[in-house]
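Next comes input-v6.cif, a file with mmCIF, C-alpha atoms.
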```cif
data_structure
#
loop_
_atom_site.label_atom_id
_atom_site.label_comp_id
_atom_site.auth_asym_id
_atom_site.auth_seq_id
_atom_site.Cartn_x
_atom_site.Cartn_y
_atom_site.Cartn_z
CA MET P 1158 68.08 161.03 115.86
CA ASN P 1159 69.02 157.44 115.97
CA LYS P 1160 66.02 155.32 116.71
CA GLU P 1161 66.52 151.64 117.06
CA ASN P 1162 63.80 149.26 118.01
CA PRO P 1163 62.92 150.20 121.57
CA LEU P 1164 60.81 147.11 122.01
CA ALA P 1165 63.93 145.08 122.51
CA GLN P 1166 64.60 147.09 125.64
CA GLN P 1167 61.07 147.11 126.97
CA PRO P 1168 60.49 144.95 129.99
CA THR P 1169 57.27 143.05 130.15
CA SER P 1170 56.14 144.59 133.40
CA GLU P 1171 55.51 148.30 133.68
CA GLY P 1172 56.51 148.26 137.31
CA ALA P 1173 59.96 147.10 136.39
CA ALA P 1174 60.03 149.18 133.24
CA PHE P 1175 61.78 152.17 134.69
CA ALA P 1176 63.92 150.73 137.40
CA ASN P 1177 66.69 152.75 135.78
CA GLY P 1178 64.42 155.12 133.91
CA PRO P 1179 63.35 155.01 130.28
CA SER P 1180 66.12 154.54 127.79
CA ASP P 1181 67.46 157.48 125.83
CA ILE P 1182 65.90 156.04 122.71
CA GLU P 1183 62.50 155.96 124.37
CA LEU P 1184 63.01 159.55 125.50
CA MET P 1185 63.91 160.53 121.95
CA MET P 1186 60.81 158.80 120.63
CA TYR P 1187 58.71 160.49 123.30
CA PHE P 1188 60.23 163.86 122.36
CA ASP P 1189 59.54 163.24 118.68
CA GLY P 1190 55.96 162.18 119.47
CA GLU P 1191 56.59 158.72 118.11
CA LEU P 1192 56.11 156.75 121.31
CA GLU P 1193 52.80 154.99 121.40
CA GLU P 1194 50.47 154.24 124.28
CA PRO P 1195 50.68 152.81 126.88
CA ARG P 1196 54.42 153.51 126.96
CA LYS P 1197 53.87 157.18 126.21
CA SER P 1198 51.84 157.68 129.39
CA VAL P 1199 54.33 155.74 131.45
CA VAL P 1200 57.25 157.83 130.17
CA ALA P 1201 55.25 161.02 130.72
CA ALA P 1202 54.58 160.00 134.31
CA TYR P 1203 58.23 159.19 134.84
CA LEU P 1204 59.25 162.57 133.42
CA GLY P 1205 56.94 164.24 135.89
CA ARG P 1206 58.92 162.97 138.82
CA ASP P 1207 62.47 162.53 137.55
CA LEU P 1208 64.62 165.64 137.20
CA LYS P 1209 67.39 163.94 135.29
CA ALA P 1210 64.95 162.77 132.64
CA GLN P 1211 63.49 166.28 132.49
CA ASN P 1212 66.97 167.66 131.89
CA LYS P 1213 67.57 165.17 129.12
CA LEU P 1214 64.31 166.22 127.51
CA ALA P 1215 65.27 169.90 127.90
CA GLY P 1216 68.60 169.15 126.24
CA MET P 1217 66.82 167.49 123.33
CA ARG P 1218 64.51 170.48 123.05
CA ILE P 1219 67.45 172.91 122.93
CA THR P 1220 69.38 170.80 120.46
CA SER P 1221 66.31 170.46 118.27
CA ALA P 1222 65.69 174.21 118.32
CA VAL P 1223 69.30 174.98 117.41
CA VAL P 1224 69.44 172.38 114.65
CA GLN P 1225 66.13 173.53 113.16
CA TYR P 1226 67.23 177.15 113.26
CA GLN P 1227 70.54 176.39 111.61
CA ALA P 1228 68.95 174.19 108.99
CA ASN P 1229 66.68 177.06 107.99
CA GLN P 1230 69.51 179.54 107.67
CA PRO P 1231 71.60 179.85 104.54
CA SER P 1232 75.22 179.02 105.21
CA ALA P 1233 77.71 181.87 105.25
CA ALA P 1234 79.62 179.91 102.62
CA ASP P 1235 76.67 180.01 100.22
CA ALA P 1236 77.38 183.52 99.08
CA ILE P 1237 81.14 183.51 99.48
CA ALA P 1238 81.84 183.65 95.75
CA ASP P 1239 79.54 186.65 95.32
CA ARG P 1240 81.13 188.36 98.30
CA VAL P 1241 84.66 187.77 97.03
CA MET P 1242 83.72 189.10 93.58
CA ALA P 1243 82.00 192.12 95.12
CA GLN P 1244 85.07 192.82 97.24
CA ILE P 1245 87.32 192.56 94.17
CA GLU P 1246 85.06 194.94 92.26
CA ARG P 1247 85.10 197.40 95.13
CA GLU P 1248 88.87 197.24 95.42
CA ARG P 1249 89.25 197.56 91.68
CA ALA P 1250 87.13 200.70 91.73
CA GLN P 1251 89.11 202.17 94.61
CA ALA P 1252 92.65 201.09 93.76
CA VAL P 1253 92.97 203.09 90.53
CA PRO P 1254 96.69 203.90 90.83
CA LEU P 1255 97.84 200.32 91.06
CA PRO P 1256 96.76 199.13 87.61
CA GLN P 1257 98.50 202.17 86.15
CA ALA P 1258 101.91 200.80 87.05
CA PRO P 1259 102.37 199.00 83.70
CA ILE P 1260 102.05 202.37 81.95
CA LEU P 1261 105.72 202.91 82.85
CA PHE P 1262 106.40 200.53 80.04
CA ASP P 1263 105.00 201.53 76.67
CA PRO P 1264 105.14 198.56 74.29
CA ARG P 1265 104.44 200.78 71.26
CA ALA P 1266 107.56 202.83 71.88
CA SER P 1267 109.79 199.87 72.41
CA ALA P 1268 108.39 198.15 69.35
CA ALA P 1269 110.35 200.60 67.24
CA THR P 1270 113.62 199.22 68.50
CA LYS P 1271 112.94 195.96 66.69
CA PRO P 1272 114.31 193.48 69.17
CA ALA P 1273 115.80 190.20 68.09
CA ALA P 1274 113.39 187.46 67.13
CA ASN P 1275 114.38 185.42 70.13
CA ASP P 1276 114.21 188.41 72.56
CA ASN P 1277 111.45 187.54 75.04
CA SER P 1278 112.56 190.03 77.68
CA ARG P 1279 109.45 192.13 77.00
CA ARG P 1280 107.19 189.23 77.84
CA ILE P 1281 109.17 188.50 80.98
CA PHE P 1282 109.02 192.13 81.99
CA VAL P 1283 105.27 192.43 81.36
CA GLY P 1284 104.75 189.22 83.27
CA LEU P 1285 106.82 190.45 86.18
CA VAL P 1286 105.04 193.79 86.29
CA ALA P 1287 101.69 192.06 86.16
CA LEU P 1288 102.81 189.75 88.94
CA VAL P 1289 103.97 192.63 91.12
CA ALA P 1290 100.77 194.57 90.41
CA ALA P 1291 98.68 191.53 91.28
CA ALA P 1292 100.65 191.03 94.49
CA ALA P 1293 100.16 194.69 95.34
CA ALA P 1294 96.43 194.44 94.63
CA VAL P 1295 96.16 191.34 96.80
CA PHE P 1296 98.04 193.13 99.55
CA ALA P 1297 95.77 196.15 99.19
CA VAL P 1298 92.70 193.91 99.55
CA TRP P 1299 94.22 192.06 102.48
CA SER P 1300 95.36 195.18 104.28
CA LYS P 1301 91.87 196.67 104.19
CA GLN P 1302 90.46 193.78 106.17
CA PRO P 1303 89.68 194.62 109.81
CA ALA P 1304 92.61 194.07 112.10
CA SER P 1305 90.51 192.48 114.83
CA PRO P 1306 86.93 191.30 115.31
CA HIS P 1307 86.14 194.47 117.18
CA SER P 1308 87.73 196.90 114.80
CA THR P 1309 85.18 199.36 113.57
CA GLN P 1310 87.60 201.47 111.62
CA ASN P 1311 87.48 199.42 108.45
CA PRO P 1312 84.13 197.69 108.49
CA VAL P 1313 83.72 195.02 105.89
CA ALA P 1314 80.28 195.05 104.36
CA VAL P 1315 79.00 191.55 104.56
CA HIS P 1316 75.67 191.11 102.88
CA THR P 1317 73.54 188.33 104.13
CA THR P 1318 69.83 188.01 103.79
CA GLN P 1319 69.37 186.22 107.08
CA PRO P 1320 70.95 186.67 110.45
CA PRO P 1321 73.69 184.19 111.22
CA ALA P 1322 72.63 181.12 113.11
CA PRO P 1323 73.48 181.02 116.77
CA SER P 1324 76.66 179.19 117.39
CA GLN P 1325 77.14 176.70 120.13
CA VAL P 1326 80.68 177.01 121.26
CA GLY P 1327 81.59 174.57 123.87
CA THR P 1328 80.29 171.82 126.02
CA HIS P 1329 82.05 171.02 129.17
CA ALA P 1330 81.36 168.71 132.02
CA ASP P 1331 84.70 167.75 133.42
CA THR P 1332 84.78 168.43 137.10
CA ASN P 1333 88.56 168.49 137.19
CA SER P 1334 88.94 170.63 134.17
CA PRO P 1335 89.96 174.20 134.82
CA GLU P 1336 88.51 177.27 133.23
CA ILE P 1337 88.15 177.46 129.50
CA ASP P 1338 90.35 180.09 127.96
CA ALA P 1339 88.78 182.84 125.88
CA ALA P 1340 90.93 181.99 122.89
CA VAL P 1341 89.33 178.57 122.78
CA VAL P 1342 85.87 179.85 123.38
CA ASN P 1343 85.69 182.52 120.71
CA PRO P 1344 85.01 180.77 117.40
CA GLU P 1345 83.60 183.54 115.22
CA PRO P 1346 86.07 186.34 114.87
CA GLU P 1347 83.91 188.02 112.22
CA SER P 1348 81.04 188.48 114.67
CA GLU P 1349 81.13 191.21 117.24
CA HIS P 1350 80.52 189.82 120.68
CA GLY P 1351 79.34 192.61 122.93
CA VAL P 1352 80.29 190.30 125.75
CA GLU P 1353 83.29 188.02 125.43
CA VAL P 1354 83.73 185.04 127.69
CA ALA P 1355 87.14 185.45 129.29
CA ALA P 1356 86.99 182.33 131.46
CA VAL P 1357 84.39 179.80 132.45
CA ASN P 1358 84.26 176.85 134.79
CA PHE P 1359 81.09 174.78 134.59
CA GLY P 1360 82.09 172.71 137.59
CA ALA P 1361 80.25 169.41 137.73
CA HIS P 1362 77.65 170.41 135.17
CA MET P 1363 77.30 170.15 131.46
CA GLY P 1364 77.44 173.59 129.93
CA SER P 1365 77.40 175.28 126.58
CA ILE P 1366 78.16 178.77 125.38
CA PHE P 1367 75.91 180.23 122.68
CA TYR P 1368 76.39 183.40 120.70
CA VAL P 1369 72.86 184.39 119.76
CA PRO P 1370 72.44 186.93 116.95
CA SER P 1371 71.13 190.25 118.13
CA GLY P 1372 70.60 193.64 116.60
CA SER P 1373 70.91 194.26 112.89
CA VAL P 1374 72.12 191.68 110.41
CA ASP P 1375 74.93 193.85 109.08
CA ALA P 1376 76.23 194.63 112.54
CA GLN P 1377 76.68 190.89 113.19
CA ARG P 1378 76.32 191.45 116.89
CA THR P 1379 75.70 188.57 119.19
CA THR P 1380 74.53 188.06 122.73
CA THR P 1381 76.45 185.64 124.90
CA VAL P 1382 74.49 182.90 126.63
CA VAL P 1383 75.89 180.31 129.01
CA TRP P 1384 73.53 177.39 129.43
CA LEU P 1385 74.06 174.76 132.10
CA ALA P 1386 72.28 171.50 132.76
CA ASP P 1387 70.90 171.40 136.27
CA ASP P 1388 70.55 167.86 137.55
CA ALA P 1389 69.94 168.91 141.13
CA GLY P 1390 67.08 171.26 140.31
CA GLU P 1391 65.23 173.34 142.82
CA MET K 1032 119.87 197.18 81.78
CA SER K 1033 116.97 199.42 80.87
CA LEU K 1034 114.56 196.62 81.70
CA LEU K 1035 116.15 196.14 85.11
CA HIS K 1036 116.04 199.87 85.73
CA ARG K 1037 112.32 200.07 84.98
CA PHE K 1038 111.59 197.07 87.08
CA SER K 1039 113.49 198.66 89.96
CA GLN K 1040 111.39 201.80 89.54
CA VAL K 1041 108.17 199.82 89.77
CA ALA K 1042 109.38 197.88 92.79
CA LEU K 1043 110.50 201.08 94.50
CA SER K 1044 107.13 202.72 93.83
CA LEU K 1045 105.29 199.79 95.31
CA ALA K 1046 107.56 199.73 98.34
CA LEU K 1047 106.94 203.44 98.93
CA ALA K 1048 103.20 202.96 98.53
CA PHE K 1049 103.33 200.08 101.03
CA ALA K 1050 105.30 202.15 103.53
CA ALA K 1051 102.91 205.09 103.17
CA GLN K 1052 99.90 202.86 103.70
CA HIS K 1053 101.41 201.34 106.81
CA ALA K 1054 102.29 204.73 108.22
CA SER K 1055 98.73 205.98 107.76
CA ALA K 1056 97.36 202.81 109.34
CA ASP K 1057 99.59 203.29 112.35
CA GLN K 1058 98.48 206.89 112.69
CA SER K 1059 94.82 205.90 112.63
CA ALA K 1060 95.51 203.41 115.39
CA ALA K 1061 96.94 206.06 117.67
CA PRO K 1062 95.68 205.76 121.22
CA ALA K 1063 92.75 207.91 122.17
CA GLN K 1064 92.56 210.14 125.15
CA THR K 1065 91.91 207.95 128.15
CA ALA K 1066 89.78 209.19 130.96
CA THR K 1067 90.36 208.10 134.52
CA PRO K 1068 88.34 204.90 134.88
CA ALA K 1069 85.70 204.60 137.58
CA THR K 1070 86.00 202.02 140.34
CA ALA K 1071 82.32 201.15 140.62
CA VAL K 1072 79.50 200.48 138.23
CA ASN K 1073 75.79 199.86 138.41
CA MET K 1074 74.54 196.61 137.00
CA GLU K 1075 71.10 195.38 136.13
CA VAL K 1076 70.14 191.78 136.73
CA ILE K 1077 67.04 190.31 135.11
CA VAL K 1078 65.64 187.03 136.38
CA LEU K 1079 63.27 185.22 134.01
CA HIS K 1080 61.32 182.01 134.30
CA GLY K 1081 61.17 180.09 131.05
CA THR K 1082 58.38 177.58 130.62
CA ASN K 1083 56.32 176.00 127.90
CA ASP K 1084 52.98 177.06 129.32
CA GLY K 1085 52.09 179.00 126.19
CA THR K 1086 51.69 182.38 127.85
CA GLY K 1087 54.32 184.02 125.67
CA ILE K 1088 56.89 186.59 126.66
CA ASP K 1089 56.01 188.84 129.57
CA PRO K 1090 55.75 192.43 128.26
CA LYS K 1091 57.40 193.61 131.47
CA ILE K 1092 60.63 192.01 130.27
CA GLY K 1093 61.00 194.62 127.55
CA LYS K 1094 62.77 194.24 124.25
CA ILE K 1095 65.03 191.21 124.31
CA PRO K 1096 64.58 189.67 120.84
CA GLU K 1097 67.06 186.93 121.61
CA LEU K 1098 64.38 185.22 123.70
CA GLN K 1099 62.70 184.17 120.46
CA LYS K 1100 65.85 182.54 119.12
CA PRO K 1101 67.59 179.31 120.07
CA PRO K 1102 68.48 178.24 122.67
CA PHE K 1103 65.90 180.45 124.39
CA SER K 1104 63.20 179.41 121.94
CA SER K 1105 63.20 175.93 123.45
CA TYR K 1106 60.81 177.57 125.92
CA ASN K 1107 57.84 179.42 124.49
CA SER K 1108 57.06 181.57 127.53
CA TYR K 1109 59.16 183.83 129.70
CA LYS K 1110 57.95 185.59 132.82
CA LEU K 1111 59.79 188.34 134.65
CA LEU K 1112 60.50 187.30 138.24
CA ASP K 1113 62.87 189.99 139.39
CA ARG K 1114 64.88 192.88 138.07
CA PRO K 1115 67.25 194.21 140.71
CA LYS K 1116 69.90 196.83 140.16
CA VAL K 1117 73.14 196.38 142.03
CA ALA K 1118 76.05 198.70 142.64
CA VAL K 1119 79.27 196.78 142.24
CA GLN K 1120 82.56 198.05 143.58
CA LYS K 1121 85.73 196.97 141.85
CA GLY K 1122 87.20 194.00 143.67
CA GLN K 1123 84.13 193.41 145.82
CA GLN K 1124 81.33 190.90 145.42
CA SER K 1125 77.69 191.87 145.32
CA LYS K 1126 75.11 189.14 145.76
CA VAL K 1127 71.69 188.67 144.21
CA LYS K 1128 69.24 186.23 145.75
CA LEU K 1129 67.66 183.95 143.16
CA PRO K 1130 64.12 182.55 143.36
CA ASN K 1131 65.42 179.00 143.78
CA GLY K 1132 67.25 179.94 146.97
CA ARG K 1133 70.64 180.17 145.34
CA GLU K 1134 72.80 183.27 145.21
CA MET K 1135 74.51 184.85 142.29
CA ALA K 1136 77.72 186.65 143.18
CA ILE K 1137 78.83 189.42 140.85
CA GLU K 1138 82.22 191.05 140.99
CA LEU K 1139 83.72 193.84 138.94
CA LYS K 1140 87.27 192.69 138.39
CA ASN K 1141 88.56 195.37 136.10
CA ILE K 1142 87.66 198.32 133.94
CA ILE K 1143 89.52 198.48 130.66
CA ALA K 1144 89.80 201.96 129.24
CA PRO K 1145 89.60 202.30 125.46
CA LYS K 1146 92.93 201.95 123.73
CA LYS K 1147 91.90 203.20 120.32
CA LYS K 1148 89.83 206.09 119.13
CA ASP K 1149 86.69 204.07 118.39
CA ASP K 1150 86.99 201.62 121.26
CA VAL K 1151 84.66 201.69 124.22
CA THR K 1152 85.27 201.02 127.87
CA ARG K 1153 84.96 197.33 128.68
CA TYR K 1154 84.23 195.78 132.04
CA VAL K 1155 85.63 192.50 133.28
CA VAL K 1156 82.81 190.97 135.30
CA SER K 1157 83.00 187.73 137.22
CA THR K 1158 79.90 185.81 138.27
CA SER K 1159 79.25 182.60 140.15
CA ILE K 1160 76.19 180.85 141.53
CA GLN K 1161 76.19 179.27 144.98
CA LYS K 1162 73.73 176.71 146.31
CA PRO K 1163 72.31 177.26 149.81
CA GLY K 1164 74.47 174.52 151.33
CA GLY K 1165 77.63 176.19 150.22
CA ASN K 1166 78.07 174.06 147.13
CA THR K 1167 78.70 175.79 143.88
CA PHE K 1168 76.40 175.48 140.91
CA LEU K 1169 78.45 177.68 138.58
CA PRO K 1170 81.99 178.13 139.90
CA LEU K 1171 83.05 180.86 137.52
CA LEU K 1172 81.94 182.84 134.54
CA GLU K 1173 84.18 185.75 133.73
CA VAL K 1174 83.25 188.00 130.86
CA ASN K 1175 84.59 191.09 129.18
CA ALA K 1176 81.54 193.23 128.50
CA LYS K 1177 80.58 196.54 127.02
CA ALA K 1178 78.13 198.66 128.97
CA GLY K 1179 74.53 198.01 127.97
CA GLU K 1180 75.14 194.52 126.58
CA TRP K 1181 73.33 191.61 128.20
CA PHE K 1182 74.91 188.28 128.91
CA PHE K 1183 72.84 185.38 130.17
CA VAL K 1184 73.26 182.40 132.45
CA ALA K 1185 70.47 179.88 131.99
CA GLY K 1186 69.57 176.30 132.73
CA GLN K 1187 68.73 176.12 136.42
CA THR K 1188 65.65 173.98 136.81
CA TYR K 1189 62.82 175.87 138.46
CA LYS K 1190 59.11 175.11 138.76
CA GLY K 1191 58.81 172.98 135.67
CA GLY K 1192 60.90 175.32 133.61
CA THR K 1193 64.23 177.03 133.73
CA LEU K 1194 65.72 180.17 135.19
CA VAL K 1195 67.31 182.63 132.81
CA ILE K 1196 69.46 185.30 134.44
CA GLY K 1197 70.66 188.25 132.45
CA VAL K 1198 73.33 190.67 133.62
CA LYS K 1199 74.44 193.92 132.06
CA VAL K 1200 76.60 196.83 133.06
CA LEU K 1201 74.55 199.98 133.01
CA PRO K 1202 76.03 202.79 130.91
#
```
Entire entry expressed as structure tokens:
Amino acid sequence: MNKENPLAQQPTSEGAAFANGPSDIELMMYFDGELEEPRKSVVAAYLGRDLKAQNKLAGMRITSAVVQYQANQPSAADAIADRVMAQIERERAQAVPLPQAPILFDPRASAATKPAANDNSRRIFVGLVALVAAAAAVFAVWSKQPASPHSTQNPVAVHTTQPPAPSQVGTHADTNSPEIDAAVVNPEPESEHGVEVAAVNFGAHMGSIFYVPSGSVDAQRTTTVVWLADDAGE
Amino acid sequence: MSLLHRFSQVALSLALAFAAQHASADQSAAPAQTATPATAVNMEVIVLHGTNDGTGIDPKIGKIPELQKPPFSSYNSYKLLDRPKVAVQKGQQSKVKLPNGREMAIELKNIIAPKKKDDVTRYVVSTSIQKPGGNTFLPLLEVNAKAGEWFFVAGQTYKGGTLVIGVKVLP
């Protein structure tokens, strides 16, 4: 978090110190435990009676928890090369008929015909067949991918050692803004959301949508959480 | 000519293989038998109080491992305040009184029957939270949920902590 010198903003009198509340930087320093006495006590007292400041602190706490959790998780991209290679190996093992296509052309048999020295049609043909076979193999790999995030007919085995980090989807505080559409809200098509947000209107409040990992790692299931900031309080 | 002929054979084989694969995929996606959907469901609402008082997670809450993950983990303690079950008719609102005096309105907007063999019934549920004066805290949250899956609305300030409200359609 950005921490500039808070002393420049500190008034000399404590009574006037929080006419408008402690600055965000002071709150950040307080949250990080870096604010020293006597300011620390003054900020703590202010937090005890000001709901808005409490909400700011709660927001910092949530952000900190999410950032720490994500920082401790390996990125899904870390193992992407291994996963691609594993998928290719699996498809290679399954798609036996496709590589057999070049057998239609037997180079040993055609070698007996002794083509002209400048006849490169064999190379072109082999290249074309290889190209078509490669395209077919790519199509075969592609077509075995799940058609939708909720398709369970062709599950793709994704091997991760840690559960995916919770994803924070949207923050919204525009009072005039209408509901958020589900297409905008759903950022992780590879995860199965047991509950999908179809529409949301946070009204006058700041709000975020989290998809928190739940269940087994392989299932990639998530629980939907809508978190709003409550300035009005009880 | 021979070269062209062989190439045509390969291309034709691949085209046939492609067509066969597509046909089988379409067959597997054939719609399942659809039962007549119900017009009412039972829902469970769980009302939790999150604080940082160090008391941990109330065993009465049961198994909700998400409470130990962000953003819930920004509070180290959760206490069960209420756990009502509500019967919700399609197109009608049911209301749950919250500890902070507000009301959560829950409405079953639709029941979506499974379209494919392995699909499950999904429920379109709309929720909102009203303040006592008639103002709205949360104007609308509409979700498409499977039975038995929690979704949570959190963040209302309450007694030095926050209220976490979970809703799920009972199977």
Could you build a table of the residues in chain K lying no more than 8 Å from chain P, giving for each the nearest pair of atoms and their separation in Å rounded to one decimal place, using all atoms listed in the file, ordered by chain and ascending residue number, as a tab-separated table?
```
residue	atom	partner	partner_atom	distance
K:Leu1034	CA	P:Phe1282	CA	7.1
K:Arg1037	CA	P:Leu1261	CA	7.5
K:Phe1038	CA	P:Val1286	CA	7.4
K:Val1041	CA	P:Ala1258	CA	6.9
K:Ala1042	CA	P:Val1289	CA	7.7
K:Leu1045	CA	P:Ala1293	CA	7.2
K:Pro1096	CA	P:Ser1371	CA	7.1
K:Glu1097	CA	P:Ser1371	CA	6.3
K:Lys1100	CA	P:Val1369	CA	7.3
K:Pro1101	CA	P:Val1223	CA	5.4
K:Pro1102	CA	P:Ile1219	CA	5.4
K:Phe1103	CA	P:Ile1219	CA	7.8
K:Ser1104	CA	P:Ala1222	CA	6.8
K:Ser1105	CA	P:Ile1219	CA	5.2
K:Asn1131	CA	P:Glu1391	CA	5.7
K:Asp1149	CA	P:Thr1309	CA	6.9
K:Thr1167	CA	P:Gly1360	CA	7.8
K:Phe1168	CA	P:Gly1360	CA	7.1
K:Leu1169	CA	P:Phe1359	CA	5.6
K:Pro1170	CA	P:Asn1358	CA	5.7
K:Leu1171	CA	P:Asn1358	CA	5.0
K:Leu1172	CA	P:Val1357	CA	4.4
K:Glu1173	CA	P:Ala1356	CA	5.0
K:Val1174	CA	P:Val1354	CA	4.4
K:Asn1175	CA	P:Glu1353	CA	5.0
K:Ala1176	CA	P:Val1352	CA	4.2
K:Lys1177	CA	P:Gly1351	CA	5.8
K:Glu1180	CA	P:Gly1351	CA	5.9
K:Trp1181	CA	P:Thr1380	CA	6.6
K:Phe1182	CA	P:Thr1381	CA	5.0
K:Phe1183	CA	P:Val1382	CA	4.6
K:Val1184	CA	P:Val1383	CA	4.8
K:Ala1185	CA	P:Trp1384	CA	4.7
K:Gly1186	CA	P:Leu1385	CA	4.8
K:Gln1187	CA	P:Asp1387	CA	5.2
K:Thr1188	CA	P:Gly1390	CA	4.7
K:Tyr1189	CA	P:Glu1391	CA	5.6
K:Lys1190	CA	P:Glu1391	CA	7.6
```
Residue IDs satisfying the PyMOL selection byres ((chain K and resi 1124-1127) around 10), as an MDAnalysis selection string: chainID K and resid 1076 1115:1123 1128:1130 1133:1140 1157:1161
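Coordinates place CA of Lys1209 in chain P at a distance of 18.0 Å from CA of Asn1083 in chain K.
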Answer as a PyMOL selection string, residues within 7 Å of (59.6, 181.2, 129.1) using all atoms listed in the file: chain K and resi 1080-1083+1087-1088+1106-1110
Nearest candidate to Pro1163 in chain K (options K:Gly1132, K:Gly1179, K:Asn1141, K:Lys1091; using all atoms listed in the file): K:Gly1132
All file atoms of range 1115-1120 of chain K boxed axis-aligned, 4 Å per side, centre plus edges, as AutoDock Vina command-line options:
```
--center_x 74.9 --center_y 196.5 --center_z 141.9 --size_x 23.3 --size_y 12.5 --size_z 11.4
```
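The two atoms in question, CA of Thr1070 in chain K and CA of Val1156 in chain K, are spaced 12.6 Å apart.
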Asp1113 in chain K surroundings by only C-alpha atoms, 7 Å radius, close-in-sequence under 2 positions cut, as a PyMOL selection string: chain K and resi 1077-1078+1111+1115
Atomic distance CA of Asn1073 in chain K - CA of Val1200 in chain K, expressed in Å with one decimal: 6.2 Å
Of the listed residues P:Ala1243, P:Val1200, P:Ala1250, P:Ala1236, that which approaches Glu1183 in chain P most closely, counting only C-alpha atoms: P:Val1200
Neighbour residues at most 8 Å from (62.9, 159.8, 131.0) (all atoms listed in the file) as a PyMOL selection string: chain P and resi 1178-1181+1183-1184+1200-1201+1203-1204+1207+1209-1211+1213-1214
